[in-house]
$ cat protein35.csv   # CSV, C-alpha atoms
chain,number,residue,atom,x,y,z
A,1,MET,CA,171.9,8.2,243.3
A,2,THR,CA,169.3,9.8,241.1
A,3,LYS,CA,166.5,11.6,242.7
A,4,LEU,CA,162.8,11.7,241.8
A,5,GLN,CA,161.1,15.1,242.0
A,6,VAL,CA,157.7,14.5,243.6
A,7,ARG,CA,155.1,17.1,244.1
A,8,VAL,CA,152.5,16.0,246.7
A,9,TRP,CA,149.1,17.5,247.4
A,10,ARG,CA,149.0,18.9,251.0
A,11,GLY,CA,146.0,20.2,252.9
A,12,GLY,CA,142.3,20.0,252.1
A,13,ALA,CA,140.4,21.0,248.9
A,14,ASP,CA,142.0,24.4,249.0
A,15,GLY,CA,145.5,23.0,249.6
A,16,SER,CA,148.5,23.1,247.3
A,17,PHE,CA,151.4,20.9,246.0
A,18,GLN,CA,154.6,20.5,248.1
A,19,PRO,CA,157.8,19.4,246.4
A,20,PHE,CA,159.9,16.5,247.7
A,21,GLU,CA,163.1,14.7,246.5
A,22,VAL,CA,162.9,11.0,246.8
A,23,PRO,CA,165.8,8.6,246.0
A,24,ARG,CA,165.2,6.6,242.9
A,25,GLN,CA,165.1,2.8,243.4
A,26,ALA,CA,164.8,-0.2,241.0
A,27,SER,CA,161.2,-1.5,240.7
A,28,GLN,CA,160.0,1.4,242.8
A,29,SER,CA,156.2,1.8,243.0
A,30,VAL,CA,154.4,5.2,243.4
A,31,LEU,CA,153.3,4.0,246.8
A,32,ASP,CA,157.0,3.3,247.7
A,33,ALA,CA,157.7,7.0,246.9
A,34,VAL,CA,154.8,8.2,249.0
A,35,THR,CA,155.8,5.9,251.9
A,36,TYR,CA,159.4,7.2,251.7
A,37,ILE,CA,158.2,10.8,252.0
A,38,GLN,CA,156.0,9.9,255.0
A,39,ARG,CA,158.6,7.8,256.8
A,40,VAL,CA,161.7,9.9,256.1
A,41,LEU,CA,160.9,13.4,255.0
A,42,ASP,CA,157.6,14.4,256.6
A,43,PRO,CA,155.7,12.2,259.0
A,44,THR,CA,152.7,14.5,258.9
A,45,LEU,CA,151.8,13.4,255.4
A,46,ALA,CA,148.4,11.6,255.4
A,47,TYR,CA,147.7,8.8,252.9
A,48,ARG,CA,145.9,5.5,252.9
A,49,PHE,CA,147.1,2.0,252.0
A,50,ALA,CA,146.8,-1.5,253.4
A,51,CYS,CA,147.8,-4.6,251.4
A,52,ARG,CA,150.4,-3.2,249.0
A,53,VAL,CA,149.6,-6.0,246.5
A,54,GLY,CA,146.6,-4.8,244.6
A,55,MET,CA,143.9,-6.5,246.6
A,56,CYS,CA,142.4,-4.0,249.1
A,57,GLY,CA,141.7,-1.0,246.9
A,58,SER,CA,142.7,1.6,249.4
A,59,CYS,CA,145.8,3.3,247.9
A,60,ALA,CA,144.3,4.9,244.7
A,61,MET,CA,145.5,8.4,244.0
A,62,THR,CA,145.8,10.7,241.1
A,63,VAL,CA,149.3,10.3,239.6
A,64,ASN,CA,150.4,12.8,237.0
A,65,GLY,CA,146.7,13.6,236.3
A,66,VAL,CA,145.5,10.0,236.1
A,67,ALA,CA,143.7,7.9,238.7
A,68,ARG,CA,145.8,4.8,239.5
A,69,TRP,CA,146.3,2.1,242.2
A,70,THR,CA,149.7,3.3,243.5
A,71,CYS,CA,150.9,0.0,244.9
A,72,ARG,CA,150.9,-1.7,241.5
A,73,THR,CA,152.0,1.4,239.5
A,74,HIS,CA,155.7,1.5,238.8
A,75,VAL,CA,157.4,4.9,238.9
A,76,ASP,CA,159.2,3.8,235.6
A,77,LYS,CA,155.8,3.6,233.9
A,78,VAL,CA,154.4,7.0,234.9
A,79,ALA,CA,157.2,9.4,235.8
A,80,ARG,CA,157.8,12.1,233.2
A,81,ASP,CA,161.5,13.3,233.2
A,82,GLY,CA,161.9,12.0,236.7
A,83,ARG,CA,158.8,13.9,238.0
A,84,LEU,CA,155.7,12.8,239.7
A,85,GLU,CA,152.7,14.8,240.8
A,86,ILE,CA,150.5,13.0,243.3
A,87,ALA,CA,147.1,14.2,244.3
A,88,PRO,CA,144.0,12.8,245.9
A,89,LEU,CA,141.3,11.1,243.8
A,90,ARG,CA,139.0,13.4,241.8
A,91,SER,CA,135.3,13.8,242.6
A,92,LEU,CA,135.7,12.8,246.3
A,93,PRO,CA,135.9,15.3,249.2
A,94,VAL,CA,139.5,15.6,250.4
A,95,VAL,CA,140.0,14.9,254.1
A,96,ARG,CA,143.7,15.8,254.2
A,97,ASP,CA,146.6,15.5,251.8
A,98,LEU,CA,146.1,12.3,249.8
A,99,VAL,CA,143.2,10.9,251.8
A,100,THR,CA,139.7,11.3,250.4
A,101,ASP,CA,136.3,10.7,252.1
A,102,MET,CA,135.0,7.5,250.5
A,103,ARG,CA,131.6,7.6,252.2
A,104,GLU,CA,129.6,8.9,249.2
A,105,PHE,CA,131.3,6.4,247.0
A,106,PHE,CA,130.2,3.5,249.1
A,107,ASP,CA,126.8,5.0,250.0
A,108,LYS,CA,126.1,4.8,246.3
A,109,TRP,CA,126.7,1.1,246.3
A,110,SER,CA,123.9,0.8,248.9
A,111,ARG,CA,121.7,3.2,246.9
A,112,ALA,CA,122.3,0.9,243.9
A,113,LYS,CA,121.1,-2.1,246.0
A,114,GLY,CA,124.6,-3.6,246.0
A,115,VAL,CA,123.7,-6.1,248.7
A,116,PHE,CA,122.9,-9.7,248.0
A,117,ARG,CA,119.5,-11.0,249.2
A,118,GLY,CA,118.8,-14.7,248.8
A,119,ALA,CA,115.7,-16.7,249.8
A,120,ARG,CA,117.4,-19.9,251.0
A,121,SER,CA,118.3,-20.6,254.6
A,122,ARG,CA,121.2,-22.7,255.9
A,123,ARG,CA,118.8,-25.7,256.0
A,124,ASP,CA,118.3,-25.6,252.2
A,125,ALA,CA,120.4,-27.3,249.7
A,126,PHE,CA,123.1,-25.3,247.8
A,127,ALA,CA,121.8,-23.4,244.7
A,128,ARG,CA,123.2,-24.9,241.5
A,129,VAL,CA,124.5,-22.3,239.1
A,130,ALA,CA,125.9,-23.6,235.8
A,131,PRO,CA,129.4,-22.1,235.6
A,132,ARG,CA,129.2,-21.5,231.8
A,133,SER,CA,125.7,-20.0,231.8
A,134,ALA,CA,125.4,-16.5,230.2
A,135,GLN,CA,124.4,-15.0,233.5
A,136,ARG,CA,127.2,-16.5,235.5
A,137,LEU,CA,129.7,-15.4,232.8
A,138,SER,CA,128.3,-11.8,233.2
A,139,VAL,CA,128.9,-12.0,236.9
A,140,GLU,CA,132.4,-13.3,236.3
A,141,ALA,CA,133.3,-10.3,234.1
A,142,GLY,CA,132.6,-7.8,236.8
A,143,ILE,CA,133.0,-9.6,240.1
A,144,GLU,CA,136.7,-8.8,240.8
A,145,CYS,CA,136.1,-5.2,241.7
A,146,ILE,CA,138.2,-4.1,244.7
A,147,GLY,CA,136.3,-0.9,245.3
A,148,CYS,CA,139.4,1.4,244.7
A,149,ALA,CA,137.3,4.2,243.2
A,150,VAL,CA,139.7,4.7,240.3
A,151,CYS,CA,136.7,4.3,237.9
A,152,TYR,CA,134.7,6.8,239.9
A,153,ALA,CA,137.4,9.4,239.8
A,154,SER,CA,138.0,8.8,236.1
A,155,CYS,CA,134.3,9.3,235.2
A,156,ASP,CA,133.4,12.6,233.7
A,157,VAL,CA,129.6,12.1,234.4
A,158,VAL,CA,130.4,11.8,238.1
A,159,ALA,CA,132.4,15.0,237.8
A,160,GLN,CA,129.4,16.8,236.2
A,161,ASN,CA,126.5,15.2,238.1
A,162,PRO,CA,127.5,14.4,241.7
A,163,ALA,CA,124.3,12.4,242.2
A,164,TYR,CA,125.3,9.9,239.5
A,165,LEU,CA,125.7,6.5,241.1
A,166,GLY,CA,129.0,5.9,239.2
A,167,PRO,CA,130.6,2.9,237.4
A,168,ALA,CA,131.6,0.8,240.5
A,169,ALA,CA,128.1,0.9,242.1
A,170,LEU,CA,126.4,0.2,238.8
A,171,ASN,CA,128.9,-2.6,238.0
A,172,ARG,CA,128.1,-4.1,241.4
A,173,ALA,CA,124.4,-3.9,240.7
A,174,TRP,CA,124.9,-5.6,237.3
A,175,THR,CA,126.8,-8.6,238.9
A,176,LEU,CA,123.9,-9.0,241.4
A,177,LEU,CA,121.3,-8.6,238.7
A,178,ASN,CA,122.9,-11.7,237.1
A,179,ASP,CA,122.9,-13.6,240.3
A,180,VAL,CA,120.1,-16.1,239.9
A,181,ARG,CA,119.8,-16.6,243.7
A,182,ASP,CA,119.0,-13.0,244.4
A,183,VAL,CA,115.3,-12.2,245.1
A,184,THR,CA,115.4,-8.3,244.9
A,185,GLN,CA,115.9,-7.8,241.2
A,186,ALA,CA,112.8,-5.6,240.5
A,187,GLU,CA,113.8,-3.3,243.4
A,188,ARG,CA,117.4,-3.2,242.2
A,189,LEU,CA,116.4,-2.3,238.7
A,190,ARG,CA,114.2,0.6,239.9
A,191,ALA,CA,117.1,1.8,242.0
A,192,VAL,CA,119.7,1.9,239.2
A,193,ALA,CA,117.4,3.1,236.3
A,194,GLY,CA,116.4,6.4,237.9
A,195,ASP,CA,117.5,10.0,237.4
A,196,ALA,CA,121.1,9.4,238.5
A,197,GLY,CA,121.4,5.8,237.3
A,198,CYS,CA,122.6,3.8,234.4
A,199,HIS,CA,120.9,6.0,231.7
A,200,ALA,CA,123.0,8.9,232.7
A,201,CYS,CA,126.2,7.1,231.5
A,202,HIS,CA,127.6,8.6,228.3
A,203,SER,CA,129.6,5.5,227.4
A,204,GLN,CA,132.8,7.5,227.3
A,205,MET,CA,134.6,4.5,228.9
A,206,GLY,CA,136.9,6.5,231.2
A,207,CYS,CA,136.1,3.8,233.8
A,208,THR,CA,136.9,0.9,231.5
A,209,GLU,CA,140.1,2.6,230.3
A,210,ARG,CA,141.4,3.1,233.9
A,211,CYS,CA,140.1,0.1,235.9
A,212,PRO,CA,143.2,-1.5,237.3
A,213,LYS,CA,141.5,-4.9,237.4
A,214,GLY,CA,140.6,-4.8,233.7
A,215,ILE,CA,136.8,-4.7,234.4
A,216,ALA,CA,134.6,-3.0,231.9
A,217,PRO,CA,132.0,-1.1,233.9
A,218,THR,CA,130.7,0.5,230.7
A,219,ALA,CA,129.6,-3.0,229.5
A,220,SER,CA,127.9,-3.6,232.9
A,221,ILE,CA,126.1,-0.3,232.6
A,222,ALA,CA,125.0,-1.1,229.1
A,223,GLY,CA,123.6,-4.4,230.4
A,224,LEU,CA,121.6,-2.5,233.0
A,225,LYS,CA,120.2,-0.2,230.3
A,226,ARG,CA,119.1,-3.2,228.3
A,227,ALA,CA,117.6,-4.9,231.4
A,228,ALA,CA,115.7,-1.8,232.3
A,229,ALA,CA,114.4,-1.4,228.8
A,230,LYS,CA,113.2,-5.0,228.7
A,231,ALA,CA,111.5,-4.6,232.1
A,232,LEU,CA,109.8,-1.5,230.9
A,233,LEU,CA,108.5,-3.2,227.7
A,234,ALA,CA,107.3,-6.1,229.9
A,235,GLY,CA,105.5,-3.7,232.2
A,236,ALA,CA,107.7,-4.7,235.1
A,237,LEU,CA,109.5,-1.4,235.9
B,1,MET,CA,112.2,11.4,237.3
B,2,SER,CA,111.4,7.8,238.1
B,3,ALA,CA,113.1,4.7,236.7
B,4,ARG,CA,110.1,4.2,234.4
B,5,HIS,CA,110.4,7.7,232.9
B,6,GLU,CA,114.1,7.6,232.5
B,7,THR,CA,114.0,4.2,230.8
B,8,LEU,CA,111.1,5.3,228.6
B,9,LEU,CA,113.2,8.3,227.4
B,10,TRP,CA,116.2,6.0,226.8
B,11,VAL,CA,114.2,3.7,224.7
B,12,ALA,CA,112.6,6.6,222.8
B,13,GLN,CA,116.1,8.1,222.2
B,14,ARG,CA,117.5,4.7,220.8
B,15,ALA,CA,114.4,4.1,218.7
B,16,SER,CA,114.4,7.6,217.2
B,17,ALA,CA,118.2,7.3,216.6
B,18,ALA,CA,117.6,4.1,214.6
B,19,LEU,CA,114.9,5.9,212.5
B,20,LEU,CA,117.2,8.9,212.0
B,21,ALA,CA,120.0,6.7,210.8
B,22,LEU,CA,117.7,5.4,208.1
B,23,CYS,CA,116.1,8.7,207.3
B,24,VAL,CA,119.5,10.6,207.0
B,25,VAL,CA,120.9,8.0,204.6
B,26,VAL,CA,117.8,8.1,202.4
B,27,HIS,CA,117.7,11.9,202.5
B,28,LEU,CA,121.4,12.3,201.6
B,29,ALA,CA,121.4,9.5,199.0
B,30,THR,CA,118.4,11.0,197.3
B,31,MET,CA,119.9,14.5,197.3
B,32,ILE,CA,123.2,13.2,195.8
B,33,TYR,CA,121.3,11.2,193.2
B,34,ALA,CA,118.8,14.0,192.3
B,35,ILE,CA,121.3,16.8,192.1
B,36,GLN,CA,123.3,15.3,189.2
B,37,GLY,CA,123.3,17.8,186.4
B,38,GLY,CA,121.9,20.7,188.6
B,39,LEU,CA,118.7,21.2,190.3
B,40,THR,CA,116.2,24.0,191.0
B,41,ALA,CA,113.6,24.6,193.6
B,42,ALA,CA,110.9,24.1,191.0
B,43,GLU,CA,112.3,20.7,190.1
B,44,ILE,CA,112.3,19.6,193.7
B,45,LEU,CA,108.8,20.7,194.2
B,46,GLY,CA,107.8,19.1,191.0
B,47,ARG,CA,108.9,15.7,192.5
B,48,THR,CA,107.6,16.2,196.0
B,49,ARG,CA,104.2,18.0,195.5
B,50,GLY,CA,101.3,15.6,195.9
B,51,ASN,CA,103.6,12.7,196.5
B,52,PRO,CA,102.3,10.8,199.6
B,53,GLY,CA,105.4,8.7,199.8
B,54,TRP,CA,107.7,11.7,200.4
B,55,LEU,CA,105.0,13.2,202.8
B,56,ALA,CA,105.1,10.1,204.9
B,57,PHE,CA,108.9,9.8,204.8
B,58,TYR,CA,109.6,13.4,205.8
B,59,SER,CA,106.8,13.4,208.4
B,60,LEU,CA,108.6,10.4,210.0
B,61,PHE,CA,111.9,12.2,209.8
B,62,VAL,CA,110.5,15.3,211.6
B,63,ALA,CA,108.8,13.1,214.3
B,64,ALA,CA,112.2,11.3,214.9
B,65,ILE,CA,114.0,14.7,215.2
B,66,ALA,CA,111.3,16.1,217.5
B,67,VAL,CA,111.8,13.1,219.8
B,68,HIS,CA,115.5,12.7,219.5
B,69,ALA,CA,116.9,16.2,219.9
B,70,PRO,CA,115.2,17.3,223.2
B,71,ILE,CA,116.1,14.0,224.9
B,72,GLY,CA,119.7,14.5,223.8
B,73,LEU,CA,119.8,18.1,225.0
B,74,ARG,CA,118.4,17.0,228.4
B,75,PRO,CA,121.6,15.7,230.0
B,76,VAL,CA,123.6,18.6,228.4
B,77,LEU,CA,121.4,21.1,230.2
B,78,GLY,CA,121.7,19.1,233.4
B,79,GLU,CA,125.4,18.6,233.4
B,80,TRP,CA,126.6,21.9,231.9
B,81,LEU,CA,124.0,24.3,233.2
B,82,ARG,CA,122.9,22.4,236.3
B,83,TRP,CA,119.4,22.8,235.0
B,84,ARG,CA,117.2,20.0,236.3
B,85,GLY,CA,113.7,19.6,237.7
B,86,MET,CA,110.3,20.4,236.1
B,87,SER,CA,111.2,23.7,234.4
B,88,ARG,CA,113.8,21.8,232.3
B,89,GLU,CA,111.2,19.2,231.3
B,90,VAL,CA,108.7,21.9,230.3
B,91,PHE,CA,111.3,23.7,228.2
B,92,LEU,CA,112.2,20.4,226.5
B,93,VAL,CA,108.5,19.6,225.7
B,94,ALA,CA,108.2,23.1,224.3
B,95,LEU,CA,111.3,22.5,222.2
B,96,ALA,CA,109.9,19.1,220.9
B,97,LEU,CA,106.7,20.9,219.9
B,98,ALA,CA,108.5,23.7,218.2
B,99,LEU,CA,110.7,21.2,216.2
B,100,ALA,CA,107.6,19.2,215.2
B,101,VAL,CA,105.6,22.3,214.2
B,102,LEU,CA,108.4,24.0,212.3
B,103,GLY,CA,109.4,20.7,210.7
B,104,MET,CA,105.8,19.8,209.6
B,105,ARG,CA,105.3,23.3,208.3
B,106,ALA,CA,108.2,22.7,205.9
B,107,VAL,CA,107.0,19.2,205.0
B,108,LEU,CA,103.5,20.4,204.2
B,109,GLY,CA,105.0,23.3,202.2
B,110,MET,CA,106.9,20.7,200.1
B,111,PHE,CA,103.8,18.5,199.7
B,112,GLY,CA,101.1,21.1,199.1

$ encode --input "protein35.csv" --output "structure tokens"
Amino acid sequence: MTKLQVRVWRGGADGSFQPFEVPRQASQSVLDAVTYIQRVLDPTLAYRFACRVGMCGSCAMTVNGVARWTCRTHVDKVARDGRLEIAPLRSLPVVRDLVTDMREFFDKWSRAKGVFRGARSRRDAFARVAPRSAQRLSVEAGIECIGCAVCYASCDVVAQNPAYLGPAALNRAWTLLNDVRDVTQAERLRAVAGDAGCHACHSQMGCTERCPKGIAPTASIAGLKRAAAKALLAGAL
Amino acid sequence: MSARHETLLWVAQRASAALLALCVVVHLATMIYAIQGGLTAAEILGRTRGNPGWLAFYSLFVAAIAVHAPIGLRPVLGEWLRWRGMSREVFLVALALALAVLGMRAVLGMFG
């Protein structure tokens, strides 16, 4: 049986790579390889996963230098000469081994007013939103985010400016900004157009290139820039 | 900086970029057209001196540069040198003034 040479990050931010040999399997995912190491070779390896089918967004890691969801990444696709190098996601504090502290990532969703606030109560009728309206289609384009932080780890602006809200939080804000039922739009726009907000994006599209769900956060951020500019010109910012 | 200020800078950056796109094309096209068969400083000044059209065009060009360049430099200073806060803003306003003064000095020299 052929073996896969896998170097895995061990320890905290000042840790190092540890080599392992993992049996090669057909249709093997990167997460399968990590799981084999933890179950068979070294039970002290720390990593995070849950659904294994690309829904939960918890298993993202840096694979051969690129942020990816490991459960849906085939070894065939990313191994170079039978070698894998697996590290924690960039731009997030390392807790241990492959586990990062995601608090800052999700705190930024709160800072970007990523929570829906409607005005209707359970006694009111349902809001009617035309499925083909421009705003609903904008929501559609960004709503399938699973919060895996692949975009965040792939963003060079986040790497250079740790206060930057990042592609996922801004994409979330954009989907809510297009939700006609939400009543906190002015507040949200002020939250995302500040010093570390949408205008800090350089449109390098690292997020869009790497998003495993095929979302284009760059387009969402461009939408926020336009919305902020319109609000400014209307005297509403 | 507030959302209002950041957005104002973004709009100013985009608006000045649009002006620059136009100005650079006119500037280069004129140079390529005018230089056919050789050109001297005296010839250039002969065309530009006392011409209010060129004075207005190059004044607009300088204004667009004075607005555009400092706003573009702002994130570079922030991300590469970690230079943020009021001292950076003061430096960039000084840079904008310097570009405007030096640029207008050249424009007036060409006109007068």

$ atom_distance --input "protein35.csv" --atom1 "atom CA of A:Gly118" --atom2 "atom CA of A:Asp182"
4.7 Å

$ closest_atom_pairs --input "protein35.csv" --of "chain B" --to "chain A" --cutoff "8 Å" --atoms "only C-alpha atoms" --output "tab-separated table"
residue	atom	partner	partner_atom	distance
B:Met1	CA	A:Asp195	CA	5.5
B:Ser2	CA	A:Gly194	CA	5.2
B:Ala3	CA	A:Gly194	CA	3.9
B:Arg4	CA	A:Leu237	CA	5.8
B:His5	CA	A:Gly194	CA	7.9
B:Glu6	CA	A:Gly194	CA	6.0
B:Thr7	CA	A:Ala229	CA	6.0
B:Leu8	CA	A:Leu232	CA	7.3
B:Trp10	CA	A:His199	CA	6.8
B:Val11	CA	A:Ala229	CA	6.5
B:Pro75	CA	A:Ala200	CA	7.4
B:Gly78	CA	A:Asn161	CA	7.8
B:Glu79	CA	A:Gln160	CA	5.2
B:Trp80	CA	A:Gln160	CA	7.2

$ write_last_selection --input "protein35.csv" --atoms "C-alpha atoms" --output "PDB file, in the frame of the given file"
ATOM      1  CA  MET B   1     112.200  11.400 237.300  1.00  0.00           C
ATOM      2  CA  SER B   2     111.400   7.800 238.100  1.00  0.00           C
ATOM      3  CA  ALA B   3     113.100   4.700 236.700  1.00  0.00           C
ATOM      4  CA  ARG B   4     110.100   4.200 234.400  1.00  0.00           C
ATOM      5  CA  HIS B   5     110.400   7.700 232.900  1.00  0.00           C
ATOM      6  CA  GLU B   6     114.100   7.600 232.500  1.00  0.00           C
ATOM      7  CA  THR B   7     114.000   4.200 230.800  1.00  0.00           C
ATOM      8  CA  LEU B   8     111.100   5.300 228.600  1.00  0.00           C
ATOM      9  CA  TRP B  10     116.200   6.000 226.800  1.00  0.00           C
ATOM     10  CA  VAL B  11     114.200   3.700 224.700  1.00  0.00           C
ATOM     11  CA  PRO B  75     121.600  15.700 230.000  1.00  0.00           C
ATOM     12  CA  GLY B  78     121.700  19.100 233.400  1.00  0.00           C
ATOM     13  CA  GLU B  79     125.400  18.600 233.400  1.00  0.00           C
ATOM     14  CA  TRP B  80     126.600  21.900 231.900  1.00  0.00           C
TER      15      TRP B  80
END

$ residues_around --input "protein35.csv" --residues "stretch 127-135 of chain A" --least-positions-apart "5" --cutoff "9 Å" --atoms "only C-alpha atoms" --output "number ranges by chain"
A: 120, 140, 175, 177-181

$ atom_distance --input "protein35.csv" --atom1 "atom CA of B:Gly50" --atom2 "atom CA of B:Ala98"
24.8 Å

$ atom_distance --input "protein35.csv" --atom1 "atom CA of B:Phe91" --atom2 "atom CA of B:Pro70"
9.0 Å

$ closest_residue --input "protein35.csv" --among "A:Met205, A:Val53, A:Ala141, A:Ile86" --to "A:Val8" --atoms "all atoms listed in the file"
A:Ile86

$ closest_residue --input "protein35.csv" --among "B:Val25, B:Leu45, B:Val101, B:Val93" --to "B:His68" --atoms "all atoms listed in the file"
B:Val93

$ residues_around --input "protein35.csv" --residues "A:Leu176" --least-positions-apart "2" --cutoff "8 Å" --atoms "only C-alpha atoms" --output "VMD selection string"
chain A and resid 114 to 116 139 172 to 174 178 to 179 182

$ residues_near_point --input "protein35.csv" --point "(137.0, 2.1, 243.1)" --cutoff "12 Å" --atoms "all atoms listed in the file" --output "count of residues only"
49

$ closest_residue --input "protein35.csv" --among "A:Arg111, A:Lys3, A:Arg136, A:Arg72" --to "A:Ser27" --atoms "all atoms listed in the file"
A:Arg72

$ closest_residue --input "protein35.csv" --among "A:Asn64, A:Thr2, A:Gln18, A:Ser110" --to "A:Leu45" --atoms "only C-alpha atoms"
A:Gln18

$ residues_around --input "protein35.csv" --residues "A:Leu4" --least-positions-apart "4" --cutoff "7 Å" --atoms "all atoms listed in the file" --output "PyMOL selection string"
chain A and resi 21-24+82-83

$ closest_residue --input "protein35.csv" --among "A:Val78, A:Ala50, A:Leu98, A:Leu84" --to "A:Phe20" --atoms "only C-alpha atoms"
A:Leu84

$ residues_around --input "protein35.csv" --residues "B:Ala64" --least-positions-apart "6" --cutoff "10 Å" --atoms "all atoms listed in the file" --output "PDB file with C-alpha atoms, in the coordinates of the input"
ATOM      1  CA  ALA B  12     112.600   6.600 222.800  1.00  0.00           C
ATOM      2  CA  GLN B  13     116.100   8.100 222.200  1.00  0.00           C
ATOM      3  CA  ALA B  15     114.400   4.100 218.700  1.00  0.00           C
ATOM      4  CA  SER B  16     114.400   7.600 217.200  1.00  0.00           C
ATOM      5  CA  ALA B  17     118.200   7.300 216.600  1.00  0.00           C
ATOM      6  CA  ALA B  18     117.600   4.100 214.600  1.00  0.00           C
ATOM      7  CA  LEU B  19     114.900   5.900 212.500  1.00  0.00           C
ATOM      8  CA  LEU B  20     117.200   8.900 212.000  1.00  0.00           C
ATOM      9  CA  ALA B  21     120.000   6.700 210.800  1.00  0.00           C
ATOM     10  CA  CYS B  23     116.100   8.700 207.300  1.00  0.00           C
ATOM     11  CA  TYR B  58     109.600  13.400 205.800  1.00  0.00           C
ATOM     12  CA  ALA B 100     107.600  19.200 215.200  1.00  0.00           C
TER      13      ALA B 100
END

$ closest_residue --input "protein35.csv" --among "B:Leu99, B:Thr30, B:Ala63, B:Arg74" --to "B:Arg47" --atoms "all atoms listed in the file"
B:Thr30
